[in-house]
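Student: My questions will all concern the structure given below.
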Amino acid sequence: MLKTISLAHGGGGLASTQLIEQVFMRAFNNPFLQTHEDQAKIALTELTQLGNRLAFSTDSYVIDPIFFPGGDIGKLAVCGTVNDLAVGGAIPLYLSCGFIIEEGLPLDTLQNIVNSMAQTAKDAGVTIITGDTKVVPHGAADKIFINTAGIGTIPTHVNWGMTHIKKGDKIIVSGTVGDHGATILNIREKLGLIGALSSDCAPLYQLIRQLHAIEGVRALRDATRGGVNAVLHEFMQGSGLGMQIKESELPLQPTVRGLCELLGLDPLNFANEGKVVIVVSPDCEQRVLQLLHSHPLGINACVIGEVVAKKQVTLQGLYGIERLLDLPHNEPLPRIC
């Protein structure tokens, strides 16, 4: 097989077959793919044994650069969709993946990305059961874009959503804020902060599943594009209530804090790929924190604020002065995920 991707690899002929068999099938190998059908067939009985609602989500990944400390575009594509399912209370089960590949991409690069996807799917407990590949001429795309879609089942007793949020509820974040965005910014702008920054890219289902049995968990959202600030605004719109957080309670890596102070940026707007924002009732706050702290991905979890009556998002500064948090007009860092 050629050492770089050519248009023939997307043409449906011998080159396509070799690419599928030697790269994708070898990495994702499972009984669903071994049937070589155009679709995966899933027994409904398997789904209904786990819950009474199907969760279905999709996202596309165009990050630049495609490899970064803490992950790559393949890991990101699996984690992103798994996390979108998990924050809705679902048990993530199956993924599809679609690749748009630029002509000339080294085959080794594609192989590394696919292997990363396979390992991340294994870690997350999901199976990649169907997919598609397109190759576009050089210059028509930037190296590789990936779409993943996923399905999962929501257990009968889990019923999370923003409409359940109430005044007085507590706002929890599962760990340090802004790690992914700061890492990508450092690489892309060549800021030279070596070895101190790494993306938090991770599948969150094993962390979140611990909360399934707790009454009083209202709503969850992973803080990706737009960061924690965007999630707080979504909670505000969905609940009709205000979100008030304290700057002194925000968990930040020292390097992220320093980078933001240096450049005048707000870490609340930075993307995260392994953090979740959770709204809980006051009476289950400590139980939720205890469970989060028991998992490696939640050891820095903490309460950052609470839900208030006035419909606005505010940040109380270190000296007690409160200011409104507006959403940035544009994404502060494009192609972040």
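Going through the structure tokens in order, the chains are called A, B, and so on, while each chain numbers its residues from 1 and the ligands are numbered from 1 in the order shown.
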At a cut-off of 8 Å, using only C-alpha atoms, what residues contact Ala309 (chain A)? Leave out same-chain residues fewer than 4 positions from it and give the result as a list in words.
Tutor: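 Once the nearby chain positions are removed, what remains is Lys167, Leu241 and Gly242 of chain A.
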Student: For region 284-286 of chain A, list every protein, DNA or RNA residue within 9 Å, evaluated using only C-alpha atoms, and leave out those in the same chain fewer than 6 positions away; present the list as a VMD selection string.
Tutor: chain A and resid 169 to 170 172 214 to 217 303
Student: Restricting it to all heavy atoms, dump the selection as a tab-separated table (two decimals), in the first residue's frame.
Tutor:
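Final output, saved to out-v2.tsv:
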```tsv
chain	number	residue	atom	x	y	z
A	169	ASP	N	-29.57	25.75	44.31
A	169	ASP	CA	-28.74	24.61	43.91
A	169	ASP	C	-27.27	25.02	43.83
A	169	ASP	O	-26.95	26.19	43.58
A	169	ASP	CB	-29.18	24.05	42.55
A	169	ASP	CG	-30.46	23.23	42.65
A	169	ASP	OD1	-30.86	22.89	43.78
A	169	ASP	OD2	-31.04	22.94	41.59
A	170	LYS	N	-26.38	24.04	43.98
A	170	LYS	CA	-24.94	24.29	43.94
A	170	LYS	C	-24.38	23.95	42.55
A	170	LYS	O	-24.85	23.00	41.89
A	170	LYS	CB	-24.22	23.46	45.00
A	170	LYS	CG	-24.71	23.74	46.42
A	170	LYS	CD	-24.46	25.20	46.82
A	170	LYS	CE	-24.91	25.46	48.24
A	170	LYS	NZ	-24.73	26.87	48.65
A	172	ILE	N	-21.07	22.74	40.56
A	172	ILE	CA	-19.81	22.02	40.77
A	172	ILE	C	-19.08	21.88	39.44
A	172	ILE	O	-19.72	21.62	38.40
A	172	ILE	CB	-20.08	20.61	41.37
A	172	ILE	CG1	-20.67	20.74	42.77
A	172	ILE	CG2	-18.81	19.76	41.39
A	172	ILE	CD1	-21.12	19.41	43.36
A	214	ILE	N	-27.84	9.05	42.61
A	214	ILE	CA	-28.02	10.13	43.57
A	214	ILE	C	-29.22	10.99	43.21
A	214	ILE	O	-29.25	11.61	42.14
A	214	ILE	CB	-26.76	11.00	43.67
A	214	ILE	CG1	-25.57	10.16	44.12
A	214	ILE	CG2	-26.97	12.16	44.63
A	214	ILE	CD1	-24.30	10.94	44.26
A	215	GLU	N	-30.18	11.07	44.08
A	215	GLU	CA	-31.29	12.00	43.88
A	215	GLU	C	-30.79	13.41	44.18
A	215	GLU	O	-30.03	13.61	45.12
A	215	GLU	CB	-32.45	11.64	44.80
A	215	GLU	CG	-33.14	10.34	44.44
A	215	GLU	CD	-34.38	10.13	45.30
A	215	GLU	OE1	-34.83	11.10	45.93
A	215	GLU	OE2	-34.88	8.99	45.32
A	216	GLY	N	-31.23	14.36	43.43
A	216	GLY	CA	-30.79	15.74	43.65
A	216	GLY	C	-29.77	16.20	42.63
A	216	GLY	O	-29.41	17.37	42.62
A	217	VAL	N	-29.27	15.29	41.78
A	217	VAL	CA	-28.43	15.72	40.65
A	217	VAL	C	-29.37	16.26	39.59
A	217	VAL	O	-30.24	15.56	39.09
A	217	VAL	CB	-27.59	14.56	40.09
A	217	VAL	CG1	-26.84	15.01	38.84
A	217	VAL	CG2	-26.61	14.06	41.14
A	303	VAL	N	-17.07	23.03	44.48
A	303	VAL	CA	-18.22	23.91	44.28
A	303	VAL	C	-17.70	25.28	43.87
A	303	VAL	O	-16.82	25.84	44.54
A	303	VAL	CB	-19.07	24.01	45.55
A	303	VAL	CG1	-20.21	25.00	45.36
A	303	VAL	CG2	-19.61	22.65	45.95
```
Student: Quick one: pull the distance between CA of Ile73 (chain A) and CA of Ala196 (chain A), Å, one decimal.
Tutor: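 Interatomic distance, CA of Ile73 (chain A) to CA of Ala196 (chain A): 20.5 Å.
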Student: Could you pull the residues within 8 Å of Gly274 (chain A), counting only C-alpha atoms, minus those fewer than 6 positions along the same chain, as a list in words?
Tutor: Asp200, Cys201, Ala202, Pro203, Leu204, Asp222, Ala223 and Leu297 of chain A
Student: I need the residue nearest Ser239 (chain A) from this list: A:Arg287, A:Arg218, A:Lys134, A:Lys143. Use only C-alpha atoms for the distance.
Tutor: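 The shortest atom-to-atom distance to Ser239 (chain A) comes from A:Arg218.
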Student: Looking only at alpha helix (DSSP H) from DSSP on the backbone, list the matching residues of region 267-302 of chain A as a count of residues only.
Tutor: 9
Student: Show me, as a list of chain:residue names, the residues that have an atom within 10 Å of Asn112 (chain A) when counting only C-alpha atoms, minus same-chain residues fewer than 2 positions from it.
Tutor: A:Val23, A:Ala27, A:Phe67, A:Asp72, A:Gly74, A:Leu107, A:Asp108, A:Thr109, A:Leu110, A:Val114, A:Asn115, A:Ser116, A:Met117, A:Ala118
Student: Could you check which of A:Cys260, A:Val158, A:Val177, A:Val231 is closest to Gly51 (chain A), using only C-alpha atoms?
Tutor: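 Of A:Cys260, A:Val158, A:Val177, A:Val231, the one nearest Gly51 (chain A) is A:Val158, counting only C-alpha atoms.
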Student: Which polymer residues have any atom within 10 Å of an atom of Met236 (chain A), counting only C-alpha atoms, with same-chain residues fewer than 2 positions away left out, as a list in words?
Tutor: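 Near Met236 (chain A), the qualifying residues are Met162, Thr163, Ile165, Ala230, Val231, Leu232, His233, Glu234, Gly238, Ser239, Gly240, Leu241, Gly242, Met243, Val307, Val308, Lys310, Lys311, Gln312 and Val313 of chain A.
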Student: Output the selection as a PDB file, in the first residue's frame - N, CA, C and O atoms for each residue.
Tutor:
```pdb
ATOM      1  N   MET A 162     -31.927  20.550  32.372  1.00  0.00           N
ATOM      2  CA  MET A 162     -31.813  21.916  32.876  1.00  0.00           C
ATOM      3  C   MET A 162     -33.120  22.435  33.457  1.00  0.00           C
ATOM      4  O   MET A 162     -33.107  23.342  34.297  1.00  0.00           O
ATOM      5  N   THR A 163     -34.250  21.887  33.039  1.00  0.00           N
ATOM      6  CA  THR A 163     -35.530  22.351  33.589  1.00  0.00           C
ATOM      7  C   THR A 163     -35.708  21.938  35.048  1.00  0.00           C
ATOM      8  O   THR A 163     -36.617  22.441  35.716  1.00  0.00           O
ATOM      9  N   ILE A 165     -33.371  22.430  37.350  1.00  0.00           N
ATOM     10  CA  ILE A 165     -32.533  23.294  38.186  1.00  0.00           C
ATOM     11  C   ILE A 165     -33.417  24.227  39.032  1.00  0.00           C
ATOM     12  O   ILE A 165     -34.394  24.793  38.535  1.00  0.00           O
ATOM     13  N   ALA A 230     -19.854  29.314  28.818  1.00  0.00           N
ATOM     14  CA  ALA A 230     -20.933  28.932  27.906  1.00  0.00           C
ATOM     15  C   ALA A 230     -21.920  27.984  28.584  1.00  0.00           C
ATOM     16  O   ALA A 230     -23.139  28.095  28.398  1.00  0.00           O
ATOM     17  N   VAL A 231     -21.397  27.056  29.386  1.00  0.00           N
ATOM     18  CA  VAL A 231     -22.285  26.118  30.083  1.00  0.00           C
ATOM     19  C   VAL A 231     -23.194  26.864  31.052  1.00  0.00           C
ATOM     20  O   VAL A 231     -24.403  26.596  31.140  1.00  0.00           O
ATOM     21  N   LEU A 232     -22.642  27.818  31.784  1.00  0.00           N
ATOM     22  CA  LEU A 232     -23.456  28.581  32.740  1.00  0.00           C
ATOM     23  C   LEU A 232     -24.570  29.337  32.022  1.00  0.00           C
ATOM     24  O   LEU A 232     -25.703  29.422  32.519  1.00  0.00           O
ATOM     25  N   HIS A 233     -24.278  29.878  30.856  1.00  0.00           N
ATOM     26  CA  HIS A 233     -25.314  30.573  30.078  1.00  0.00           C
ATOM     27  C   HIS A 233     -26.374  29.587  29.575  1.00  0.00           C
ATOM     28  O   HIS A 233     -27.562  29.911  29.530  1.00  0.00           O
ATOM     29  N   GLU A 234     -25.947  28.394  29.203  1.00  0.00           N
ATOM     30  CA  GLU A 234     -26.927  27.378  28.778  1.00  0.00           C
ATOM     31  C   GLU A 234     -27.824  26.978  29.945  1.00  0.00           C
ATOM     32  O   GLU A 234     -29.043  26.816  29.775  1.00  0.00           O
ATOM     33  N   GLY A 238     -31.823  27.509  30.000  1.00  0.00           N
ATOM     34  CA  GLY A 238     -32.658  26.317  30.155  1.00  0.00           C
ATOM     35  C   GLY A 238     -33.512  26.312  31.405  1.00  0.00           C
ATOM     36  O   GLY A 238     -34.580  25.700  31.446  1.00  0.00           O
ATOM     37  N   SER A 239     -33.039  27.022  32.453  1.00  0.00           N
ATOM     38  CA  SER A 239     -33.753  27.002  33.733  1.00  0.00           C
ATOM     39  C   SER A 239     -34.540  28.265  34.003  1.00  0.00           C
ATOM     40  O   SER A 239     -35.451  28.272  34.839  1.00  0.00           O
ATOM     41  N   GLY A 240     -34.142  29.387  33.349  1.00  0.00           N
ATOM     42  CA  GLY A 240     -34.767  30.674  33.645  1.00  0.00           C
ATOM     43  C   GLY A 240     -34.265  31.287  34.941  1.00  0.00           C
ATOM     44  O   GLY A 240     -34.859  32.227  35.454  1.00  0.00           O
ATOM     45  N   LEU A 241     -33.145  30.773  35.472  1.00  0.00           N
ATOM     46  CA  LEU A 241     -32.563  31.249  36.727  1.00  0.00           C
ATOM     47  C   LEU A 241     -31.143  31.768  36.486  1.00  0.00           C
ATOM     48  O   LEU A 241     -30.558  31.520  35.420  1.00  0.00           O
ATOM     49  N   GLY A 242     -30.572  32.462  37.488  1.00  0.00           N
ATOM     50  CA  GLY A 242     -29.238  32.992  37.353  1.00  0.00           C
ATOM     51  C   GLY A 242     -28.178  32.059  37.909  1.00  0.00           C
ATOM     52  O   GLY A 242     -28.460  31.182  38.738  1.00  0.00           O
ATOM     53  N   MET A 243     -26.945  32.243  37.431  1.00  0.00           N
ATOM     54  CA  MET A 243     -25.800  31.450  37.881  1.00  0.00           C
ATOM     55  C   MET A 243     -24.773  32.418  38.467  1.00  0.00           C
ATOM     56  O   MET A 243     -24.336  33.345  37.770  1.00  0.00           O
ATOM     57  N   VAL A 307     -27.045  28.624  42.223  1.00  0.00           N
ATOM     58  CA  VAL A 307     -28.121  29.125  41.371  1.00  0.00           C
ATOM     59  C   VAL A 307     -28.894  30.194  42.144  1.00  0.00           C
ATOM     60  O   VAL A 307     -29.226  29.999  43.318  1.00  0.00           O
ATOM     61  N   VAL A 308     -29.143  31.314  41.485  1.00  0.00           N
ATOM     62  CA  VAL A 308     -29.844  32.438  42.125  1.00  0.00           C
ATOM     63  C   VAL A 308     -31.075  32.806  41.311  1.00  0.00           C
ATOM     64  O   VAL A 308     -31.269  32.317  40.180  1.00  0.00           O
ATOM     65  N   LYS A 310     -32.155  35.873  40.083  1.00  0.00           N
ATOM     66  CA  LYS A 310     -32.044  36.828  38.978  1.00  0.00           C
ATOM     67  C   LYS A 310     -31.363  36.187  37.777  1.00  0.00           C
ATOM     68  O   LYS A 310     -30.251  35.670  37.884  1.00  0.00           O
ATOM     69  N   LYS A 311     -32.016  36.264  36.624  1.00  0.00           N
ATOM     70  CA  LYS A 311     -31.554  35.566  35.441  1.00  0.00           C
ATOM     71  C   LYS A 311     -30.352  36.277  34.805  1.00  0.00           C
ATOM     72  O   LYS A 311     -30.497  37.098  33.893  1.00  0.00           O
ATOM     73  N   GLN A 312     -29.163  35.954  35.291  1.00  0.00           N
ATOM     74  CA  GLN A 312     -27.920  36.472  34.747  1.00  0.00           C
ATOM     75  C   GLN A 312     -26.768  35.596  35.235  1.00  0.00           C
ATOM     76  O   GLN A 312     -26.917  34.844  36.203  1.00  0.00           O
ATOM     77  N   VAL A 313     -25.642  35.695  34.561  1.00  0.00           N
ATOM     78  CA  VAL A 313     -24.452  34.949  34.986  1.00  0.00           C
ATOM     79  C   VAL A 313     -23.452  35.953  35.536  1.00  0.00           C
ATOM     80  O   VAL A 313     -23.058  36.896  34.837  1.00  0.00           O
TER      81      VAL A 313
END
```
Student: Looking at A:Gly12, A:Gly305, A:Pro251, A:Gly178, which one is nearest to Ala271 (chain A), with distances taken over only C-alpha atoms?
Tutor: A:Gly178
Student: Tell me which protein, DNA and RNA residues are within 8 Å of Gly181 (chain A), counting only C-alpha atoms, leaving out same-chain ones fewer than 3 positions away, and put them as a PDB file with C-alpha atoms, in the first residue's frame.
Tutor:
```pdb
ATOM      1  CA  GLY A 178      -9.222  25.737  30.667  1.00  0.00           C
ATOM      2  CA  ILE A 184      -3.814  24.375  22.040  1.00  0.00           C
ATOM      3  CA  LEU A 185      -3.159  28.118  22.299  1.00  0.00           C
ATOM      4  CA  SER A 199      -5.058  18.787  27.385  1.00  0.00           C
ATOM      5  CA  PHE A 270     -11.337  28.297  27.367  1.00  0.00           C
ATOM      6  CA  ALA A 271     -12.451  24.896  26.087  1.00  0.00           C
ATOM      7  CA  ASN A 272     -12.128  21.765  28.205  1.00  0.00           C
ATOM      8  CA  LEU A 333      -9.739  30.201  19.571  1.00  0.00           C
ATOM      9  CA  ILE A 336     -10.269  24.106  19.192  1.00  0.00           C
TER      10      ILE A 336
END
```
Student: Check the smallest atom-to-atom distance from each of A:Cys97, A:Leu47, A:Leu250, A:Ala141 to Leu318 (chain A) using only C-alpha atoms, then report the winner.
Tutor: A:Leu250
Student: Would you compute the distance between CA of Ser198 (chain A) and CA of Val277 (chain A)? Give it in Å to one decimal.
Tutor: 19.9 Å
Student: Which value, in Å to one decimal, gives the distance between CA of Ile113 (chain A) and CA of Arg209 (chain A)?
Tutor: 27.3 Å
Student: Where does DSSP see strand (DSSP E) in region 53-274 of chain A, if you list the residues as an NGL selection string?
Tutor: :A and (53-61 or 67-68 or 71-72 or 91-102 or 127-136 or 144-154 or 170-173 or 217-222 or 242-246)
Student: Taking only C-alpha atoms into account, name the residue in A:Asn300, A:Ser60, A:Gln22, A:Ser6 that is nearest to Pro137 (chain A).
Tutor: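 Of A:Asn300, A:Ser60, A:Gln22, A:Ser6, the one nearest Pro137 (chain A), counting only C-alpha atoms, is A:Ser6.
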Student: Could you check the closest approach to Gly298 (chain A) for each of A:Gln316, A:Ser248, A:Asn229, A:Ser174 and tell me which residue wins, using only C-alpha atoms?
Tutor: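 Looking at the shortest contact to Gly298 (chain A), the residue is A:Ser174.
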